[in-house]
Every structure is written in C-alpha cells, then in structure tokens.
Amino acid sequence: MAVSEDHERLRSGTPTTHYDGVVQIPGFGEAPERCRDLKPVGFCNHGHTVLGRSSCGTRYCPDHWRDWIEDAVISIVARLAAYRQSREGAERRLLHLAASPPQDRRYSSRSLWKVRSEAYEALEAAGARGGVTVTHPYRTNDRGEALFEAAADAGELEDGVGRWRFLRETADGWDDLGRYIEASPHVHSLAPAVDVDGSAAPDGWIVENIRSMDRFELRDTDAYEDMVKSVYYILTHGGVQEGRQMTTYFGEVHPAAFDPEEELTATEWARIQTEAERAVKGVEEEGDGSASGGPEECPHDDCEAEVRDLLYLDEYLDDEDWCESIREYPDGGERLAILRGTRAFWSGLTDRPPPSARSSEERFRSWLKRRGQIRAPGSANSPRSSQQIGLQRSIMSD
C-alpha cells in the first residue's frame, strides 16, 4: 500500500528503555512450521512457475505478516465505520492521534505495554471518546532520517513511500534495521472526537492531533479507503511481542461498550463489512500490491514478466500458440513440463510431494517437472482438454 503518514517527533528526547530486540515490529520473527511448505502461486507470461509459501497469517512471519495486517485492517475499519454510522453530525468525526508518555521513567517491555492504559486516560482527557490504539516501541533515528532524506533527494522513492517502508525494504533483517531506529514508546490512536486539546492531558503526556479522517458516509468508498490507509500505516510498525496484543480498543468503541449488531440494522452492518473489505482491496490495487498472495512480477533472473493467477493456467496451456512461444526458449520444454506438473498438482491428479521436496525450490521444481513430463501431450496421462481436467478449485486454498 503506497501510503505515508509519517509525523514529526513528539519529543526531542527519549526515556530510558530496556526492550530493544525483545519487542519488534511485524515481519521480523521466525516463520511458523505451518507456512514453510512451498506451493505454486502463479506463472508468468514467459512460462516460469512462481513458487511461494502457504500463508500462516501471523504478524511475526517475514513472508506473510501483511496477510495478518490485511485481516486486522478490515476488522478495525469495520468497527470504526460502524461506530461512526451510529452517530450523527460532528460526533462522526474521527482523528488520528499520537500520545507520548512521560520521559522521567525507565521502560521495560512490561511497562511499555502498561503505557496503553495510561494512554487511554491521556487521550480521553484531551477529548477522545474512545478508539483503537496501537503501541509503537520505536521511532526512526537520525541515521535513518538521513538515509531516507538522501534517497528522497536522489529521486529514488516512489510516491507515497514513507520512512518506515523505505527502511524496512532497505534493511537486511532486524539487526540491520536496528541501526536506523531507536526505542521511543508512544501510542497511536484512531479516535472519535469533536475536538482535541493536548494541554488537557495529564502532566508529562503529549497528545498530538496528526490529522482528521475524511467525512464518513455509509456508502462513501473514499471514506473507507481513508481509514484503511491510516490503520495500515500504524500497524506496519506497531509493537510485536509474544503474548501481547498489538491493537486494543477503549472508551465508547470498546466491545463492552459498543456492539455493531445491536447499534445498527443488519443491512447497515453487512454493508459496512463489505465496504471495509472492498476498501482494503482497492487501496492494495492503488499501492504496491504487497498484501497479495504472490508477486506482481516474475522473480526469476532477468525476467520480470507479469505474473498470472493459476486460475488461468488451463487457458494458457490449452493455447498452442502460447506453448510454442515458450518452446522457443532454450529451456522452454522444461518450463512447460513444470507448468503441466503444476496443473496436475492443483487438480489432484498426482500424488502430493514429500516434505523434503516442499522445503526447497529446486527440489520442488524438479518434482513438478517429473510429474509434468509424464503428462506431456500425446502421453496416456495427458488431459485432452481443460474441461476434462476437472480442476478442484477448493484445493487451491490449501
């Protein structure tokens, strides 16, 4: 998602902290066992089979953290939209706020998460009636800022790319990212509020209004997408620690205080959930497509051709002109064999690969190639048409 909502530092200094490395951000943990098996996720116009890993949908996974964020964004935007729909006039106003705790403390990982409860009080004192919160353990440091500004001055950044996305894509792992960030506990919130007075926050707290969300109407797609962009942004570098929730609700938006099914009609609530999901997909299409199941361009060396969904594989393999164009490559026969093996794999017309094959791209491609070779045109196992293949689409969700 191409969105930047970077804000100025809330403070010039930072309190003493003791959670560096213990608390991270999404995508820098270990991939769970259940997402390590390879599977075909697409194919390119030049006949390469693109492999990926089954999504675990966890915030820790370096491959699938965006899937977790996508689900979280849909849920959060739907709840916020439902609350706004239940209100009238100025009470529908939603603000993006940031709250910074006192500096005269030492923050361990435990006390970092306790800050949220105090943040609720600070936000409500400043005028928020409730909302969703995301705890941020880090901010970019001077080194990270300088690197980002240098890239911006050199024209190396796409439109909408902010500091955190740039540094995430630049860093090689968590330790490398650590060179560009520093511990600095603060809390972001999307909160309904008519107005905010930061001076009313408790002593030592700073509450800042970053911006106001677009005006909300039930069927206004732009209003949903506006919320999606802000929620996505604050989730991408929220705090991640096992056993701790990244997102929490408070005040009038808390589940104990607000139930969309009770406050809205069934039609309104269904429409809001549909619009929230549609808005996430719409923002992805406008942005970098990073939350999709597979890459947009072929990852093979010197290829970069457009990647197609496997739903279209039958159509392409049944097109003799396209197959002939693939055969013109030096390894064209191998590409087609792997694609035929992929079709057999998804159709359930072959056995399942052993675990050793699904843990290595080279071994998995070799396994697919062998299955495809025995299903080459003219062989006894070759399907005569896409209708006779009978692809079992439900298997594709495996």
# chains A, B, ... in the order shown; residues from 1 in each chain; ligands from 1
>>> residues_around(residues="Ser212 in chain A", least_positions_apart="6", cutoff="12 Å", atoms="only C-alpha atoms", output="list in words")
Glu5, Ala90, Arg92, Arg93, Leu94, Leu95, His96, Leu97, Ser189, Leu190, Ala191, Pro192, Ala193, Val194, Asp195, Val196, Ala223, Asp226, Met227 and Ser230 of chain A
>>> write_last_selection(atoms="C-alpha atoms", output="PDB file, in the first residue's frame")
ATOM      1  CA  GLU A   5       1.606   9.278   7.207  1.00  0.00           C
ATOM      2  CA  ALA A  90     -19.842  16.196  14.472  1.00  0.00           C
ATOM      3  CA  ARG A  92     -18.820  11.116  13.415  1.00  0.00           C
ATOM      4  CA  ARG A  93     -15.507  12.934  13.298  1.00  0.00           C
ATOM      5  CA  LEU A  94     -12.503  10.600  13.570  1.00  0.00           C
ATOM      6  CA  LEU A  95      -8.957  11.772  14.331  1.00  0.00           C
ATOM      7  CA  HIS A  96      -5.528  10.178  14.071  1.00  0.00           C
ATOM      8  CA  LEU A  97      -3.860  10.958  17.400  1.00  0.00           C
ATOM      9  CA  SER A 189      -4.975   6.005  18.114  1.00  0.00           C
ATOM     10  CA  LEU A 190      -7.790   6.484  15.659  1.00  0.00           C
ATOM     11  CA  ALA A 191     -10.317   8.085  17.934  1.00  0.00           C
ATOM     12  CA  PRO A 192     -13.738   9.733  17.583  1.00  0.00           C
ATOM     13  CA  ALA A 193     -13.500  13.281  18.892  1.00  0.00           C
ATOM     14  CA  VAL A 194     -15.175  16.590  18.101  1.00  0.00           C
ATOM     15  CA  ASP A 195     -12.011  18.432  19.086  1.00  0.00           C
ATOM     16  CA  VAL A 196      -8.737  17.714  20.895  1.00  0.00           C
ATOM     17  CA  ALA A 223     -14.092   7.482   3.480  1.00  0.00           C
ATOM     18  CA  ASP A 226      -9.006   6.920   4.004  1.00  0.00           C
ATOM     19  CA  MET A 227      -9.370   4.911   7.217  1.00  0.00           C
ATOM     20  CA  SER A 230      -4.163   5.235   8.296  1.00  0.00           C
TER      21      SER A 230
END
>>> residues_around(residues="Leu112 in chain A", least_positions_apart="4", cutoff="9 Å", atoms="only C-alpha atoms", output="ChimeraX atom specification")
/A:17,19,107-108,116,135,137,185-186
>>> select_by_dssp(residues="range 171-366 of chain A", states="strand (DSSP E)", output="list of chain:residue names")
A:Ile181, A:Glu182, A:Ala183, A:Ser184, A:Pro185, A:His186, A:Val187, A:His188, A:Ser189, A:Leu190, A:Ala191, A:Pro192, A:Ile206, A:Val207, A:Glu208, A:Asn209, A:Ile210, A:Arg211, A:Ser212, A:Thr247, A:Thr248, A:Tyr249, A:Phe250, A:Gly251, A:Val307, A:Arg308
>>> write_last_selection(atoms="N, CA and C atoms", output="PDB file, in the first residue's frame")
ATOM      1  N   ILE A 181      16.777   2.831  13.779  1.00  0.00           N
ATOM      2  CA  ILE A 181      15.666   3.145  14.674  1.00  0.00           C
ATOM      3  C   ILE A 181      16.171   3.213  16.104  1.00  0.00           C
ATOM      4  N   GLU A 182      15.357   3.808  16.985  1.00  0.00           N
ATOM      5  CA  GLU A 182      15.694   3.873  18.399  1.00  0.00           C
ATOM      6  C   GLU A 182      14.426   3.704  19.221  1.00  0.00           C
ATOM      7  N   ALA A 183      14.594   3.173  20.423  1.00  0.00           N
ATOM      8  CA  ALA A 183      13.443   2.960  21.298  1.00  0.00           C
ATOM      9  C   ALA A 183      12.825   4.301  21.679  1.00  0.00           C
ATOM     10  N   SER A 184      11.509   4.376  21.579  1.00  0.00           N
ATOM     11  CA  SER A 184      10.793   5.614  21.905  1.00  0.00           C
ATOM     12  C   SER A 184       9.308   5.285  22.040  1.00  0.00           C
ATOM     13  N   PRO A 185       8.859   4.875  23.230  1.00  0.00           N
ATOM     14  CA  PRO A 185       7.472   4.428  23.395  1.00  0.00           C
ATOM     15  C   PRO A 185       6.454   5.539  23.168  1.00  0.00           C
ATOM     16  N   HIS A 186       5.455   5.245  22.361  1.00  0.00           N
ATOM     17  CA  HIS A 186       4.318   6.146  22.177  1.00  0.00           C
ATOM     18  C   HIS A 186       3.152   5.327  21.624  1.00  0.00           C
ATOM     19  N   VAL A 187       1.993   5.911  21.637  1.00  0.00           N
ATOM     20  CA  VAL A 187       0.770   5.198  21.262  1.00  0.00           C
ATOM     21  C   VAL A 187       0.027   5.980  20.184  1.00  0.00           C
ATOM     22  N   HIS A 188      -0.365   5.269  19.119  1.00  0.00           N
ATOM     23  CA  HIS A 188      -1.201   5.870  18.084  1.00  0.00           C
ATOM     24  C   HIS A 188      -2.641   5.446  18.305  1.00  0.00           C
ATOM     25  N   SER A 189      -3.557   6.323  17.954  1.00  0.00           N
ATOM     26  CA  SER A 189      -4.975   6.005  18.114  1.00  0.00           C
ATOM     27  C   SER A 189      -5.790   6.645  17.009  1.00  0.00           C
ATOM     28  N   LEU A 190      -6.744   5.898  16.492  1.00  0.00           N
ATOM     29  CA  LEU A 190      -7.790   6.484  15.659  1.00  0.00           C
ATOM     30  C   LEU A 190      -9.006   6.601  16.569  1.00  0.00           C
ATOM     31  N   ALA A 191      -9.358   7.838  16.863  1.00  0.00           N
ATOM     32  CA  ALA A 191     -10.317   8.085  17.934  1.00  0.00           C
ATOM     33  C   ALA A 191     -11.404   9.053  17.510  1.00  0.00           C
ATOM     34  N   PRO A 192     -12.671   8.765  17.823  1.00  0.00           N
ATOM     35  CA  PRO A 192     -13.738   9.733  17.583  1.00  0.00           C
ATOM     36  C   PRO A 192     -13.616  10.894  18.567  1.00  0.00           C
ATOM     37  N   ILE A 206       2.147  14.062  26.147  1.00  0.00           N
ATOM     38  CA  ILE A 206       1.923  14.910  24.983  1.00  0.00           C
ATOM     39  C   ILE A 206       0.935  14.194  24.068  1.00  0.00           C
ATOM     40  N   VAL A 207      -0.167  14.845  23.759  1.00  0.00           N
ATOM     41  CA  VAL A 207      -1.156  14.298  22.825  1.00  0.00           C
ATOM     42  C   VAL A 207      -1.210  15.205  21.610  1.00  0.00           C
ATOM     43  N   GLU A 208      -0.972  14.646  20.443  1.00  0.00           N
ATOM     44  CA  GLU A 208      -0.906  15.408  19.199  1.00  0.00           C
ATOM     45  C   GLU A 208      -1.968  14.922  18.222  1.00  0.00           C
ATOM     46  N   ASN A 209      -2.637  15.850  17.581  1.00  0.00           N
ATOM     47  CA  ASN A 209      -3.596  15.535  16.522  1.00  0.00           C
ATOM     48  C   ASN A 209      -2.844  15.523  15.200  1.00  0.00           C
ATOM     49  N   ILE A 210      -2.658  14.348  14.628  1.00  0.00           N
ATOM     50  CA  ILE A 210      -1.910  14.231  13.371  1.00  0.00           C
ATOM     51  C   ILE A 210      -2.764  14.673  12.197  1.00  0.00           C
ATOM     52  N   ARG A 211      -4.001  14.191  12.126  1.00  0.00           N
ATOM     53  CA  ARG A 211      -4.898  14.669  11.082  1.00  0.00           C
ATOM     54  C   ARG A 211      -6.307  14.165  11.341  1.00  0.00           C
ATOM     55  N   SER A 212      -7.261  14.756  10.640  1.00  0.00           N
ATOM     56  CA  SER A 212      -8.662  14.348  10.726  1.00  0.00           C
ATOM     57  C   SER A 212      -8.996  13.456   9.539  1.00  0.00           C
ATOM     58  N   THR A 247      -3.133  -4.398  18.987  1.00  0.00           N
ATOM     59  CA  THR A 247      -4.245  -3.452  18.907  1.00  0.00           C
ATOM     60  C   THR A 247      -5.211  -3.667  20.071  1.00  0.00           C
ATOM     61  N   THR A 248      -5.707  -2.565  20.618  1.00  0.00           N
ATOM     62  CA  THR A 248      -6.709  -2.616  21.678  1.00  0.00           C
ATOM     63  C   THR A 248      -7.721  -1.489  21.464  1.00  0.00           C
ATOM     64  N   TYR A 249      -8.914  -1.660  22.033  1.00  0.00           N
ATOM     65  CA  TYR A 249      -9.962  -0.642  21.973  1.00  0.00           C
ATOM     66  C   TYR A 249     -10.211  -0.092  23.367  1.00  0.00           C
ATOM     67  N   PHE A 250     -10.695   1.136  23.423  1.00  0.00           N
ATOM     68  CA  PHE A 250     -11.016   1.735  24.712  1.00  0.00           C
ATOM     69  C   PHE A 250     -12.225   2.651  24.564  1.00  0.00           C
ATOM     70  N   GLY A 251     -12.765   3.065  25.725  1.00  0.00           N
ATOM     71  CA  GLY A 251     -13.871   4.027  25.736  1.00  0.00           C
ATOM     72  C   GLY A 251     -15.103   3.549  25.005  1.00  0.00           C
ATOM     73  N   VAL A 307       2.980 -11.660 -13.650  1.00  0.00           N
ATOM     74  CA  VAL A 307       2.580 -12.945 -13.084  1.00  0.00           C
ATOM     75  C   VAL A 307       1.068 -13.106 -13.183  1.00  0.00           C
ATOM     76  N   ARG A 308       0.638 -14.271 -13.659  1.00  0.00           N
ATOM     77  CA  ARG A 308      -0.777 -14.596 -13.795  1.00  0.00           C
ATOM     78  C   ARG A 308      -1.228 -15.509 -12.660  1.00  0.00           C
TER      79      ARG A 308
END
>>> residues_around(residues="Val41 in chain A", least_positions_apart="2", cutoff="8 Å", atoms="only C-alpha atoms", output="ChimeraX atom specification")
/A:39,43,49-52,293-294,309-310
>>> atom_distance(atom1="CA of Glu30 in chain A", atom2="CA of Pro355 in chain A")
19.0 Å
>>> closest_residue(among="A:Asp314, A:Glu277, A:Asp197, A:Glu263", to="Tyr83 in chain A", atoms="only C-alpha atoms")
A:Glu263
>>> residues_around(residues="Glu361 in chain A", least_positions_apart="4", cutoff="9 Å", atoms="only C-alpha atoms", output="PDB file with C-alpha atoms, in the first residue's frame")
ATOM      1  CA  LEU A  38       6.236 -24.325  -0.837  1.00  0.00           C
ATOM      2  CA  LEU A  51       6.542 -20.585  -6.059  1.00  0.00           C
ATOM      3  CA  ALA A 357      10.521 -31.516  -1.907  1.00  0.00           C
ATOM      4  CA  ARG A 365      10.536 -27.672  -9.369  1.00  0.00           C
ATOM      5  CA  SER A 366      12.269 -30.977 -10.126  1.00  0.00           C
TER       6      SER A 366
END
